[in-house]
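What follows is entry-v3.txt (compact mmCIF, C-alpha atoms).
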# COMPACT_ATOMS: atom_id res chain seq x y z
CA MET Q 1295 -71.02 195.61 72.09
CA ARG Q 1296 -70.40 198.10 69.26
CA ILE Q 1297 -67.73 199.95 71.22
CA ARG Q 1298 -66.05 196.65 72.01
CA VAL Q 1299 -66.07 195.63 68.34
CA LEU Q 1300 -64.57 198.98 67.25
CA LEU Q 1301 -61.91 198.74 69.93
CA CYS Q 1302 -61.05 195.21 68.82
CA ALA Q 1303 -60.83 196.36 65.18
CA ALA Q 1304 -58.41 199.07 66.23
CA LEU Q 1305 -56.35 196.61 68.19
CA LEU Q 1306 -56.25 194.27 65.17
CA VAL Q 1307 -54.47 197.00 63.23
CA LEU Q 1308 -52.00 197.25 66.10
CA GLY Q 1309 -51.77 193.45 66.24
CA GLY Q 1310 -53.33 193.22 69.66
CA CYS Q 1311 -56.56 191.15 69.24
CA ALA Q 1312 -56.53 187.42 69.61
CA ASN Q 1313 -57.95 185.52 66.64
CA PHE Q 1314 -60.58 183.32 68.27
CA LYS Q 1315 -61.55 181.79 64.93
CA ALA Q 1316 -58.42 179.60 64.93
CA ALA Q 1317 -59.00 178.49 68.51
CA GLY Q 1318 -62.61 177.66 67.76
CA GLU Q 1319 -61.61 175.71 64.66
CA PHE Q 1320 -58.99 173.72 66.59
CA GLY Q 1321 -61.64 172.90 69.18
CA ARG Q 1322 -64.06 171.72 66.49
CA GLN Q 1323 -61.43 169.57 64.74
CA THR Q 1324 -60.43 168.04 68.07
CA ALA Q 1325 -64.05 167.07 68.64
CA LYS Q 1326 -64.22 165.58 65.11
CA MET Q 1327 -61.13 163.48 65.73
CA SER Q 1328 -62.45 162.32 69.07
CA ALA Q 1329 -65.76 161.34 67.42
CA VAL Q 1330 -63.95 159.16 64.86
CA VAL Q 1331 -62.10 157.33 67.62
CA LYS Q 1332 -65.25 156.92 69.74
CA ASP Q 1333 -67.15 155.50 66.79
CA GLU Q 1334 -64.44 152.96 66.12
CA PHE Q 1335 -64.33 151.85 69.77
CA SER Q 1336 -68.07 151.49 69.85
CA ARG Q 1337 -68.22 149.57 66.59
CA MET Q 1338 -65.33 147.27 67.55
CA GLN Q 1339 -67.00 146.43 70.87
CA ASN Q 1340 -70.33 145.75 69.12
CA GLU Q 1341 -68.71 143.50 66.51
CA CYS Q 1342 -66.77 141.67 69.22
CA LEU Q 1343 -69.91 140.99 71.27
CA ALA Q 1344 -72.06 140.05 68.27
CA GLN Q 1345 -69.41 137.58 67.11
CA ALA Q 1346 -69.11 136.16 70.63
CA GLU Q 1347 -72.88 135.61 70.71
CA LEU Q 1348 -72.71 133.83 67.36
CA VAL Q 1349 -69.87 131.58 68.52
CA ALA Q 1350 -71.67 130.72 71.75
CA LYS Q 1351 -74.83 129.74 69.83
CA THR Q 1352 -73.25 127.82 66.96
CA ALA Q 1353 -70.65 125.97 69.05
CA GLY Q 1354 -73.09 125.33 71.89
CA ILE Q 1355 -70.91 127.13 74.47
CA THR Q 1356 -72.85 127.91 77.64
CA ASP Q 1357 -70.15 129.68 79.67
CA ASP Q 1358 -68.93 133.24 79.15
CA GLY Q 1359 -65.75 132.20 77.33
CA PRO Q 1360 -66.53 133.84 73.97
CA PHE Q 1361 -67.52 137.07 75.70
CA ASP Q 1362 -64.49 137.20 77.99
CA ALA Q 1363 -62.21 138.62 75.31
CA CYS Q 1364 -64.59 141.51 74.61
CA ARG Q 1365 -65.18 142.22 78.30
CA GLN Q 1366 -61.54 141.88 79.34
CA TYR Q 1367 -60.59 144.27 76.62
CA ALA Q 1368 -63.34 146.78 77.45
CA LYS Q 1369 -62.46 146.69 81.15
CA ALA Q 1370 -58.82 147.59 80.71
CA GLN Q 1371 -57.66 149.03 77.42
CA GLY Q 1372 -61.14 150.08 76.39
CA ALA Q 1373 -61.57 151.99 79.64
CA LEU Q 1374 -58.26 153.79 79.16
CA ALA Q 1375 -59.07 154.74 75.60
CA ALA Q 1376 -62.52 155.94 76.74
CA ALA Q 1377 -60.95 158.12 79.45
CA THR Q 1378 -58.60 159.65 76.87
CA VAL Q 1379 -61.47 160.44 74.55
CA GLU Q 1380 -63.41 161.94 77.46
CA VAL Q 1381 -60.64 164.38 78.25
CA LEU Q 1382 -60.29 165.34 74.58
CA ASP Q 1383 -64.04 165.88 74.26
CA ASN Q 1384 -64.10 168.15 77.28
CA TYR Q 1385 -61.06 170.09 76.06
CA ALA Q 1386 -62.61 170.52 72.61
CA GLY Q 1387 -65.91 171.64 74.10
CA ALA Q 1388 -64.29 174.11 76.47
CA LEU Q 1389 -62.06 175.58 73.76
CA SER Q 1390 -64.90 175.99 71.27
CA ALA Q 1391 -67.09 177.56 73.96
CA VAL Q 1392 -64.42 180.09 74.95
CA ALA Q 1393 -63.62 180.89 71.32
CA ASP Q 1394 -67.29 181.30 70.37
CA ASP Q 1395 -68.15 183.07 73.64
CA LYS Q 1396 -70.69 180.42 74.60
CA SER Q 1397 -71.24 178.37 77.72
CA PHE Q 1398 -70.17 174.74 78.10
CA ASP Q 1399 -70.78 172.19 80.82
CA LEU Q 1400 -67.80 170.07 81.71
CA ALA Q 1401 -68.39 166.41 82.55
CA PRO Q 1402 -69.36 166.37 86.27
CA ASP Q 1403 -66.83 163.69 87.22
CA LEU Q 1404 -63.95 165.11 85.25
CA ALA Q 1405 -62.06 166.01 88.42
CA GLN Q 1406 -61.82 162.29 89.29
CA LEU Q 1407 -60.50 161.32 85.86
CA GLY Q 1408 -56.84 161.24 86.88
CA GLY Q 1409 -57.58 158.86 89.75
CA ARG Q 1410 -59.77 156.64 87.56
CA VAL Q 1411 -57.09 156.33 84.92
CA GLN Q 1412 -54.41 155.59 87.50
CA ALA Q 1413 -56.55 152.77 88.89
CA LEU Q 1414 -56.85 151.01 85.53
CA THR Q 1415 -54.84 147.79 85.47
CA ASP Q 1416 -54.07 144.94 83.12
CA PRO Q 1417 -55.33 141.40 83.93
CA ALA Q 1418 -52.31 140.87 86.20
CA GLY Q 1419 -53.01 144.03 88.20
CA ASN Q 1420 -50.29 146.26 86.72
CA PRO Q 1421 -51.15 149.92 86.00
CA LEU Q 1422 -51.94 150.70 82.38
CA VAL Q 1423 -50.48 154.19 82.51
CA SER Q 1424 -47.20 155.52 83.79
CA ALA Q 1425 -47.10 158.03 86.65
CA ASN Q 1426 -46.35 160.82 84.13
CA GLU Q 1427 -49.34 159.94 82.04
CA ALA Q 1428 -51.65 159.86 85.07
CA THR Q 1429 -50.32 163.32 86.05
CA ALA Q 1430 -51.10 164.61 82.56
CA PHE Q 1431 -54.74 163.60 83.01
CA GLU Q 1432 -54.92 165.32 86.40
CA LYS Q 1433 -53.36 168.53 85.03
CA LEU Q 1434 -55.82 168.64 82.17
CA ALA Q 1435 -58.81 168.05 84.40
CA SER Q 1436 -57.68 170.86 86.75
CA ALA Q 1437 -56.98 173.26 83.92
CA LEU Q 1438 -60.39 172.64 82.39
CA ALA Q 1439 -62.11 173.22 85.72
CA GLU Q 1440 -60.23 176.51 86.24
CA VAL Q 1441 -60.34 177.97 82.74
CA TRP Q 1442 -63.57 179.80 83.47
CA THR Q 1443 -61.86 181.91 86.14
CA ALA Q 1444 -59.89 183.79 83.46
CA SER Q 1445 -61.09 187.39 83.20
CA ARG Q 1446 -60.55 187.65 79.44
CA ARG Q 1447 -61.31 185.22 76.64
CA ALA Q 1448 -57.78 185.57 75.34
CA ASP Q 1449 -56.43 184.50 78.75
CA ALA Q 1450 -58.76 181.50 78.79
CA VAL Q 1451 -57.57 180.47 75.30
CA ARG Q 1452 -53.98 180.94 76.43
CA ARG Q 1453 -54.55 178.74 79.47
CA LEU Q 1454 -56.01 176.01 77.31
CA ALA Q 1455 -53.18 176.31 74.79
CA ASP Q 1456 -50.67 175.97 77.63
CA GLN Q 1457 -52.06 172.49 78.31
CA ALA Q 1458 -50.57 171.32 74.99
CA PRO Q 1459 -47.83 169.12 76.54
CA ALA Q 1460 -50.32 167.26 78.78
CA LEU Q 1461 -52.81 167.03 75.93
CA ALA Q 1462 -50.12 165.67 73.63
CA GLN Q 1463 -49.49 162.88 76.14
CA THR Q 1464 -53.14 161.87 76.07
CA GLY Q 1465 -53.03 161.96 72.26
CA ARG Q 1466 -50.04 159.62 72.27
CA ILE Q 1467 -51.84 157.25 74.66
CA LEU Q 1468 -54.70 157.14 72.19
CA LYS Q 1469 -52.37 156.52 69.27
CA SER Q 1470 -50.56 153.69 71.10
CA TYR Q 1471 -53.85 151.87 71.28
CA PHE Q 1472 -54.07 151.64 67.48
CA VAL Q 1473 -50.45 151.36 66.30
CA GLU Q 1474 -47.27 150.07 67.87
CA MET Q 1475 -45.34 152.67 69.86
CA PRO Q 1476 -42.25 151.17 71.46
CA ASP Q 1477 -41.97 153.92 74.09
CA ALA Q 1478 -45.47 153.21 75.48
CA PRO Q 1479 -45.75 151.38 78.83
CA ARG Q 1480 -45.17 147.61 78.51
CA GLY Q 1481 -48.82 146.68 78.37
CA ARG Q 1482 -49.33 148.94 75.32
CA ALA Q 1483 -46.04 148.50 73.47
CA LYS Q 1484 -47.84 146.21 71.01
CA ALA Q 1485 -50.98 148.06 70.05
CA PRO Q 1486 -53.86 146.28 71.89
CA TYR Q 1487 -56.14 146.93 68.91
CA THR Q 1488 -53.93 144.76 66.68
CA ASN Q 1489 -54.37 141.65 68.80
CA LEU Q 1490 -58.06 142.27 69.24
CA VAL Q 1491 -58.52 142.44 65.45
CA LYS Q 1492 -56.44 139.26 64.97
CA ILE Q 1493 -58.36 137.25 67.58
CA ALA Q 1494 -61.80 138.48 66.51
CA ALA Q 1495 -61.01 137.87 62.82
CA SER Q 1496 -59.92 134.32 63.65
CA SER Q 1497 -63.30 133.81 65.32
CA VAL Q 1498 -65.08 135.08 62.20
CA ARG Q 1499 -63.07 132.70 59.98
CA SER Q 1500 -64.01 129.76 62.23
CA THR Q 1501 -67.68 130.65 62.13
CA GLU Q 1502 -67.56 130.89 58.32
CA SER Q 1503 -66.04 127.41 58.17
CA MET Q 1504 -68.64 126.06 60.58
CA LEU Q 1505 -71.49 127.47 58.54
CA ARG Q 1506 -70.06 125.99 55.34
CA ASN Q 1507 -70.08 122.47 56.78
CA PRO Q 1508 -72.68 120.45 54.80
CA ARG Q 1509 -73.99 118.69 57.96
CA PHE Q 1510 -74.54 122.07 59.58
CA GLN Q 1511 -76.30 123.40 56.52
CA GLU Q 1512 -78.54 120.32 56.28
CA ALA Q 1513 -79.55 120.68 59.94
CA GLU Q 1514 -80.68 124.33 59.62
CA PRO Q 1515 -80.48 125.57 56.01
CA ILE Q 1516 -82.29 128.90 56.31
CA ARG Q 1517 -80.70 129.94 59.59
CA THR Q 1518 -77.27 128.92 58.31
CA TYR Q 1519 -77.74 131.06 55.20
CA GLU Q 1520 -78.74 134.09 57.31
CA LEU Q 1521 -75.82 133.64 59.71
CA LEU Q 1522 -73.38 133.30 56.81
CA LYS Q 1523 -74.55 136.69 55.49
CA GLU Q 1524 -74.02 138.21 58.94
CA VAL Q 1525 -70.55 136.72 59.24
CA GLN Q 1526 -69.53 137.88 55.77
CA ALA Q 1527 -70.51 141.46 56.64
CA ARG Q 1528 -68.40 141.16 59.79
CA ALA Q 1529 -65.51 139.80 57.71
CA ALA Q 1530 -65.64 142.99 55.59
CA TYR Q 1531 -65.32 145.06 58.76
CA PHE Q 1532 -62.20 143.19 59.89
CA ARG Q 1533 -60.76 143.07 56.38
CA ALA Q 1534 -60.67 146.88 56.38
CA ARG Q 1535 -58.55 146.53 59.50
CA GLY Q 1536 -56.05 144.14 57.92
CA ALA Q 1537 -57.56 140.69 58.47
CA VAL Q 1538 -57.29 138.07 55.72
CA PHE Q 1539 -60.22 135.87 54.73
CA GLU Q 1540 -59.91 132.96 52.34
CA GLY Q 1541 -61.57 133.51 49.01
CA GLY Q 1542 -62.24 137.16 49.78
CA ALA Q 1543 -60.61 140.39 48.62
CA ALA Q 1544 -57.17 141.19 49.99
CA PRO Q 1545 -57.07 143.67 52.87
CA PRO Q 1546 -56.05 147.24 51.96
CA PRO Q 1547 -52.34 148.16 52.11
CA ALA Q 1548 -51.16 148.83 55.67
CA ALA Q 1549 -51.18 152.62 55.28
CA GLU Q 1550 -54.83 152.60 54.20
CA ARG Q 1551 -56.20 150.42 56.98
CA VAL Q 1552 -58.55 151.95 59.52
CA GLN Q 1553 -56.03 151.93 62.37
CA ALA Q 1554 -53.36 153.60 60.19
CA ARG Q 1555 -55.81 156.30 59.10
CA ILE Q 1556 -56.77 156.95 62.71
CA ALA Q 1557 -53.09 157.13 63.73
CA ASP Q 1558 -52.47 159.59 60.84
CA ALA Q 1559 -55.35 161.76 62.05
CA ILE Q 1560 -53.95 161.73 65.59
CA ASP Q 1561 -50.47 162.64 64.27
CA ALA Q 1562 -51.93 165.54 62.27
CA TRP Q 1563 -53.76 166.66 65.41
CA LEU Q 1564 -50.53 166.46 67.47
CA ASP Q 1565 -48.77 168.64 64.84
CA ALA Q 1566 -51.62 171.16 64.89
CA LEU Q 1567 -51.58 171.11 68.70
CA GLY Q 1568 -47.95 172.20 68.70
CA ARG Q 1569 -48.79 175.05 66.31
CA PHE Q 1570 -51.84 175.96 68.39
CA GLU Q 1571 -49.72 176.22 71.52
CA ALA Q 1572 -47.46 178.69 69.70
CA GLU Q 1573 -50.08 180.73 67.87
CA ALA Q 1574 -53.25 180.37 69.93
CA THR Q 1575 -53.64 184.09 70.63
CA SER Q 1576 -51.86 185.42 67.57
CA PRO Q 1577 -53.96 187.90 65.55
CA ASP Q 1578 -52.93 186.28 62.26
CA PRO Q 1579 -52.22 182.57 62.78
CA LYS Q 1580 -51.85 181.68 59.08
CA ALA Q 1581 -49.60 178.66 59.70
CA LEU Q 1582 -52.10 177.32 62.22
CA PHE Q 1583 -54.97 177.65 59.76
CA ASP Q 1584 -52.95 175.78 57.13
CA GLN Q 1585 -52.23 173.02 59.63
CA LEU Q 1586 -55.88 172.83 60.60
CA LYS Q 1587 -56.83 172.29 56.95
CA SER Q 1588 -54.32 169.45 56.67
CA MET Q 1589 -55.61 167.96 59.94
CA SER Q 1590 -59.20 168.16 58.73
CA ALA Q 1591 -58.27 166.21 55.59
CA LYS Q 1592 -56.67 163.43 57.66
CA ILE Q 1593 -59.66 163.23 59.98
CA ASN Q 1594 -61.98 163.00 56.98
CA ALA Q 1595 -59.82 160.20 55.55
CA ALA Q 1596 -60.10 158.31 58.85
CA ARG Q 1597 -63.87 158.82 58.88
CA ALA Q 1598 -64.08 157.52 55.28
CA ALA Q 1599 -62.01 154.44 56.17
CA LEU Q 1600 -64.32 153.69 59.13
CA SER Q 1601 -67.38 153.94 56.94
CA ALA Q 1602 -66.04 151.85 54.06
CA PRO Q 1603 -67.74 148.47 53.58
CA MET K 1008 -37.76 123.31 77.75
CA SER K 1009 -34.65 122.73 79.90
CA ASN K 1010 -34.68 120.84 83.19
CA THR K 1011 -35.33 122.94 86.27
CA SER K 1012 -31.70 122.60 87.36
CA GLU K 1013 -30.49 124.28 84.16
CA LEU K 1014 -32.62 127.39 84.56
CA ASP K 1015 -31.81 130.45 86.59
CA THR K 1016 -33.78 131.08 89.75
CA ALA K 1017 -36.50 133.71 89.69
CA GLY K 1018 -36.05 136.64 92.04
CA THR K 1019 -38.71 138.87 93.56
CA GLY K 1020 -40.22 141.04 90.85
CA ASP K 1021 -39.27 138.81 87.93
CA ALA K 1022 -42.10 138.44 85.44
CA ILE K 1023 -42.96 137.30 81.95
CA ASP K 1024 -44.43 140.13 79.89
CA GLY K 1025 -47.36 139.57 77.58
CA ALA K 1026 -45.61 141.89 75.17
CA ASP K 1027 -42.86 139.26 74.87
CA LEU K 1028 -45.33 136.45 74.26
CA GLN K 1029 -46.56 137.74 70.90
CA ALA K 1030 -45.17 134.66 69.14
CA SER K 1031 -47.25 132.41 71.42
CA ILE K 1032 -50.33 134.57 70.86
CA ASP K 1033 -49.85 134.32 67.10
CA ASP K 1034 -49.25 130.54 67.26
CA LEU K 1035 -52.40 129.98 69.34
CA ILE K 1036 -54.44 131.94 66.78
CA ALA K 1037 -52.80 129.98 63.95
CA LEU K 1038 -53.67 126.70 65.71
CA ALA K 1039 -57.30 127.81 65.93
CA ASP K 1040 -57.29 128.76 62.24
CA GLY K 1041 -55.61 125.44 61.43
CA MET K 1042 -58.77 123.59 62.49
CA ASN K 1043 -61.04 125.40 60.01
CA ALA K 1044 -60.51 122.90 57.20
CA ASP K 1045 -61.36 120.06 59.63
CA MET K 1046 -64.44 121.93 60.65
CA GLU K 1047 -65.69 122.30 57.08
CA GLN K 1048 -65.21 118.60 56.48
CA ALA K 1049 -66.41 117.28 59.86
CA ALA K 1050 -68.71 114.28 59.55
CA ASP K 1051 -71.33 115.39 62.05
CA VAL K 1052 -72.59 118.44 63.91
CA ASP K 1053 -71.16 117.22 67.22
CA GLU K 1054 -67.65 117.13 65.78
CA VAL K 1055 -68.19 120.59 64.29
CA ARG K 1056 -69.12 121.90 67.72
CA ASP K 1057 -66.21 120.15 69.48
CA ILE K 1058 -63.81 121.81 67.06
CA GLY K 1059 -65.57 125.16 67.56
CA ARG K 1060 -65.17 124.88 71.34
CA ALA K 1061 -61.49 123.98 71.08
CA GLN K 1062 -60.88 126.96 68.78
CA GLN K 1063 -62.63 129.25 71.23
CA GLN K 1064 -60.43 127.99 74.07
CA LEU K 1065 -57.32 128.64 71.99
CA ARG K 1066 -58.44 132.19 71.26
CA SER K 1067 -59.39 132.81 74.87
CA THR K 1068 -55.94 131.57 75.89
CA ALA K 1069 -54.36 133.95 73.36
CA MET K 1070 -56.47 136.85 74.63
CA GLY K 1071 -55.45 136.01 78.17
CA LEU K 1072 -51.82 136.61 77.26
CA VAL K 1073 -52.43 140.05 75.72
CA ASP K 1074 -51.43 142.79 78.20
CA ARG K 1075 -50.62 140.13 80.77
CA GLN K 1076 -47.68 140.30 83.10
CA ILE K 1077 -47.07 136.91 84.73
CA ALA K 1078 -45.32 137.38 88.05
CA LEU K 1079 -42.84 134.54 88.63
CA LEU K 1080 -42.69 132.89 92.03
CA ALA K 1081 -39.42 133.77 93.66
CA ASN K 1082 -36.87 130.96 94.19
CA GLU K 1083 -38.50 128.81 91.54
CA ALA K 1084 -37.19 128.22 88.01
CA LYS K 1085 -36.94 131.39 85.97
CA VAL K 1086 -38.98 130.47 82.92
CA THR K 1087 -38.82 133.10 80.18
CA ALA K 1088 -41.09 134.20 77.36
CA ALA K 1089 -38.66 132.56 74.93
CA HIS K 1090 -39.19 129.22 76.70
CA ILE K 1091 -42.96 129.55 76.46
CA ASP K 1092 -42.79 130.62 72.81
CA ALA K 1093 -40.55 127.64 72.00
CA ALA K 1094 -42.98 125.22 73.66
CA THR K 1095 -45.93 126.72 71.75
CA ARG K 1096 -44.07 126.59 68.46
CA TYR K 1097 -43.14 122.94 69.08
CA ALA K 1098 -46.80 122.14 69.74
CA ARG K 1099 -47.89 123.99 66.61
CA ASP K 1100 -45.38 122.13 64.43
CA VAL K 1101 -46.33 118.73 65.85
CA ILE K 1102 -50.09 119.27 65.68
CA ALA K 1103 -49.80 120.44 62.06
CA GLN K 1104 -48.65 116.90 61.18
CA VAL K 1105 -51.54 115.12 62.93
CA LYS K 1106 -54.35 114.03 60.62
CA GLN K 1107 -56.97 112.66 62.99
CA VAL K 1108 -59.28 115.33 64.33
CA ARG K 1109 -59.83 113.69 67.73
CA LYS K 1110 -56.06 113.33 68.24
CA LYS K 1111 -55.60 116.98 67.32
CA LEU K 1112 -58.30 118.05 69.77
CA ALA K 1113 -56.68 116.01 72.54
CA LEU K 1114 -53.28 117.59 71.89
CA LEU K 1115 -54.78 121.07 71.75
CA GLY K 1116 -56.34 120.33 75.12
CA GLU K 1117 -52.87 119.50 76.48
CA LEU K 1118 -51.53 122.81 75.16
CA ILE K 1119 -54.38 124.78 76.72
CA GLY K 1120 -53.71 122.97 80.01
CA PHE K 1121 -50.03 123.96 79.75
CA PHE K 1122 -50.97 127.62 79.48
CA SER K 1123 -53.17 127.49 82.56
CA VAL K 1124 -50.03 126.40 84.45
CA VAL K 1125 -48.01 129.17 82.78
CA LEU K 1126 -50.40 131.76 84.18
CA SER K 1127 -49.71 130.50 87.71
CA GLY K 1128 -46.17 131.91 87.51
CA ASN K 1129 -44.77 128.83 89.26
CA GLY K 1130 -41.56 128.02 87.42
CA ALA K 1131 -41.21 124.45 88.68
CA LYS K 1132 -44.78 123.60 87.72
CA MET K 1133 -44.30 125.25 84.32
CA VAL K 1134 -41.28 123.08 83.65
CA SER K 1135 -43.18 119.92 84.68
CA ALA K 1136 -46.11 120.96 82.51
CA ALA K 1137 -43.79 121.57 79.57
CA VAL K 1138 -42.22 118.14 79.96
CA ALA K 1139 -45.69 116.55 80.13
CA LEU K 1140 -46.79 118.53 77.07
CA LYS K 1141 -43.80 117.37 75.05
CA LYS K 1142 -44.41 113.78 76.10
CA ALA K 1143 -48.05 114.01 75.02
CA LEU K 1144 -47.14 115.66 71.71
CA ASP K 1145 -44.48 113.09 70.90
CA ALA K 1146 -46.85 110.22 71.83
CA GLY K 1147 -49.65 111.83 69.84
CA THR K 1148 -47.77 111.58 66.61
CA ALA K 1149 -46.89 107.93 67.12
Rendering of file as C-alpha cells:
Amino acid sequence: MRIRVLLCAALLVLGGCANFKAAGEFGRQTAKMSAVVKDEFSRMQNECLAQAELVAKTAGITDDGPFDACRQYAKAQGALAAATVEVLDNYAGALSAVADDKSFDLAPDLAQLGGRVQALTDPAGNPLVSANEATAFEKLASALAEVWTASRRADAVRRLADQAPALAQTGRILKSYFVEMPDAPRGRAKAPYTNLVKIAASSVRSTESMLRNPRFQEAEPIRTYELLKEVQARAAYFRARGAVFEGGAAPPPAAERVQARIADAIDAWLDALGRFEAEATSPDPKALFDQLKSMSAKINAARAALSAP
Amino acid sequence: MSNTSELDTAGTGDAIDGADLQASIDDLIALADGMNADMEQAADVDEVRDIGRAQQQLRSTAMGLVDRQIALLANEAKVTAAHIDAATRYARDVIAQVKQVRKKLALLGELIGFFSVVLSGNGAKMVSAAVALKKALDAGTA
C-alpha cells in the first residue's frame, strides 16, 4: 500500500495519476439528484392515491374511476421515469464504488432494463421511448455490468465516463417528464407531470368545494373539518407545483416551482456530465470541481423546493 | 364539426395524438372546475355527490387523453384533433351559460359520451356523435 501511494505521488508530479476524488464526487451528486427525483415521484403518487380515496369516499364512487388516473400514470410514464432513475442510481453507485475503491452490487435485473423500457407503452399501445433511447438503456446496462472487468481503477472510471452520451439521453428522458421538451417522443412532448398536476389539483379544488357545502358540513361536521385540513395540506403541495386555489396564496413564479427546480438540477447534472466525460481521469480537474459545486447548489435548491410547505 | 362528406378519408396509420388534444384536456378540466360553485351551493348531499361524480368523469376523460394516440379507422372520415378541440370548446361555451345544475349535468354527460366515441377511432361514428352532441347542447340552452 505504501509503495503504491508513493508511486502515485510521483506520478501526480508527472501528471499521470487519475484524480478519483472528482469521479467519486460526481457519483455522489448523481445519487443526490436521483434521490430528489425519486422522492418527488413517490410523493406525487401518494398524493394522487390519497386524493383519489378522498374523492371516492366523499362522492360515493364505488368503481375505480378516481384511482385510474394514478394507476394509468404509474403504469406508463411512472414506470419509464422509475427505470431512468434506476439506471442513474446504479451508475452513481458503480462510479462512487470504483472511485472510493469499494464494492457495489448492481441491481440483479439491470441487464433486462433495456427490454423493460422498450416494452413500456402509452394507453394506445405505442412505445414510450424511441429506438435510440431504448439502445441507450441497453448500452448503459452492459457497460455497468462490464466495468468490473477493467484491470485498473482509472480504466474503470474511463469506461464509465465514456457512457456520457447514453447517460445524457436518460437524463433528457427524465427532464422531459417534468418540463416540455419538443424533441421528445410524441407521448412526452407535453411534460406528463404538467397534466397530472393540473388534473389532481382540479380534484383537490372540487373536494374543497364539496367540504364547504353547508349541507355536507351539517351531515358530518367533525369529519368534514378533518378532511378539509387534509385537503388544504394537499393544496399546498400542488400550489408549489403551479396550481391555483381560490382564496389561497398565489403559486410561486414558474422558475421557482418544483418541476422547474428539478429540471434545473438535471440541466446542471447534464453540464457536469459533459465535463466529467472530458476530465474524468485528469489529475487536476479544476473545471469539473467547479461544475460539481454549481450542480450541488441546484440539487439542493430542488430538494428545498420539494420540502417547502 | 363538418359532415362526413366534407372530411378527408383516413388512411392506414392515421391517428389523433393526445399531444394535439391539450386544448380539450384543458377544457375538460375547466368544465370540472366550473361546477365547484354549484357544488358549494347545492341544496342537498345527493346533488353534491352527483356533481362530484360528474367532475370525476370529466377528469378521468381528460386523463384518458393524456399520452393517448387514437388510431383512426382507415376509409372512414379523417377527424382531426382540431375538430375534437372545437367540439369541446363549443360544449364548454354553451354549458357555461346554463344555470340549472341538472341541465348542466345532463349536458356534461353528453360530452363524456362523445369522448367515449372519440376513443373508438371510428371517424363516421365520431361525426355522428358530434352532431348529436351539438343538437343536445343547442336544445339544452333552450
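Take the candidates K:Thr1019, K:Gln1076, K:Thr1068, K:Gln1107 and check each one against chain Q using only C-alpha atoms; the shortest distance goes to K:Gln1076.
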Give the residues of chain Q that lie within 9 Å of chain K; count all atoms listed in the file, and format the answer as a VMD selection string.
chain Q and resid 1349 to 1350 1352 to 1355 1359 to 1360 1362 to 1363 1366 to 1367 1371 1416 to 1420 1422 1480 to 1484 1486 1489 to 1490 1492 to 1494 1496 to 1497 1499 to 1510 1513
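Computed from the coordinates, the CA of Ala1534 in chain Q to CA of Ala1599 in chain Q distance equals 7.7 Å.
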Dump as JSON lines the rows for residues of range 1067-1123 of chain K within 10 Å of range 1128-1137 of chain K: closest atom pair and distance in Å with one decimal, only C-alpha atoms counted, ordered by chain and rising residue number.
{"residue": "K:Gln1076", "atom": "CA", "partner": "K:Gly1128", "partner_atom": "CA", "distance": 9.6}
{"residue": "K:Ile1077", "atom": "CA", "partner": "K:Gly1128", "partner_atom": "CA", "distance": 5.8}
{"residue": "K:Ala1078", "atom": "CA", "partner": "K:Gly1128", "partner_atom": "CA", "distance": 5.6}
{"residue": "K:Leu1079", "atom": "CA", "partner": "K:Gly1128", "partner_atom": "CA", "distance": 4.4}
{"residue": "K:Leu1080", "atom": "CA", "partner": "K:Asn1129", "partner_atom": "CA", "distance": 5.3}
{"residue": "K:Ala1081", "atom": "CA", "partner": "K:Asn1129", "partner_atom": "CA", "distance": 8.5}
{"residue": "K:Asn1082", "atom": "CA", "partner": "K:Gly1130", "partner_atom": "CA", "distance": 8.7}
{"residue": "K:Glu1083", "atom": "CA", "partner": "K:Gly1130", "partner_atom": "CA", "distance": 5.2}
{"residue": "K:Ala1084", "atom": "CA", "partner": "K:Gly1130", "partner_atom": "CA", "distance": 4.4}
{"residue": "K:Lys1085", "atom": "CA", "partner": "K:Gly1130", "partner_atom": "CA", "distance": 5.9}
{"residue": "K:Val1086", "atom": "CA", "partner": "K:Gly1130", "partner_atom": "CA", "distance": 5.7}
{"residue": "K:Thr1087", "atom": "CA", "partner": "K:Gly1130", "partner_atom": "CA", "distance": 9.3}
{"residue": "K:His1090", "atom": "CA", "partner": "K:Ala1137", "partner_atom": "CA", "distance": 9.4}
{"residue": "K:Ile1091", "atom": "CA", "partner": "K:Ala1137", "partner_atom": "CA", "distance": 8.6}
{"residue": "K:Ala1094", "atom": "CA", "partner": "K:Ala1137", "partner_atom": "CA", "distance": 7.0}
{"residue": "K:Thr1095", "atom": "CA", "partner": "K:Ala1137", "partner_atom": "CA", "distance": 9.6}
{"residue": "K:Glu1117", "atom": "CA", "partner": "K:Ala1136", "partner_atom": "CA", "distance": 9.2}
{"residue": "K:Leu1118", "atom": "CA", "partner": "K:Ala1137", "partner_atom": "CA", "distance": 9.0}
{"residue": "K:Gly1120", "atom": "CA", "partner": "K:Ala1136", "partner_atom": "CA", "distance": 8.2}
{"residue": "K:Phe1121", "atom": "CA", "partner": "K:Ala1136", "partner_atom": "CA", "distance": 5.7}
{"residue": "K:Phe1122", "atom": "CA", "partner": "K:Met1133", "partner_atom": "CA", "distance": 8.6}
{"residue": "K:Ser1123", "atom": "CA", "partner": "K:Met1133", "partner_atom": "CA", "distance": 9.3}
For range 1443-1458 of chain Q, list every protein, DNA or RNA residue within 12 Å, evaluated using all atoms listed in the file, and leave out those in the same chain fewer than 4 positions away; present the list as a ChimeraX atom specification.
/Q:1310-1318,1320-1321,1381-1382,1384-1396,1430-1439,1462-1465,1563-1577
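Computed from the coordinates, the CA of Ala1548 in chain Q to CA of Gly1536 in chain Q distance equals 7.1 Å.
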In Å and to one decimal, CA of Ala1022 in chain K is distant from CA of Ala1089 in chain K by 12.5 Å
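Proximity of K:Val1105, K:Leu1038, K:Asp1092, K:Leu1144 to Ile1023 in chain K, computed with all atoms listed in the file, is greatest for K:Asp1092.
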Need the shell around Lys1326 in chain Q: protein/DNA/RNA residues with any atom at most 10 Å away, counting all atoms listed in the file. Skip same-chain ones fewer than 3 positions apart. Format as an NGL selection string?
:Q and (1320-1323 or 1329-1332 or 1383 or 1386 or 1590 or 1593-1594 or 1597)
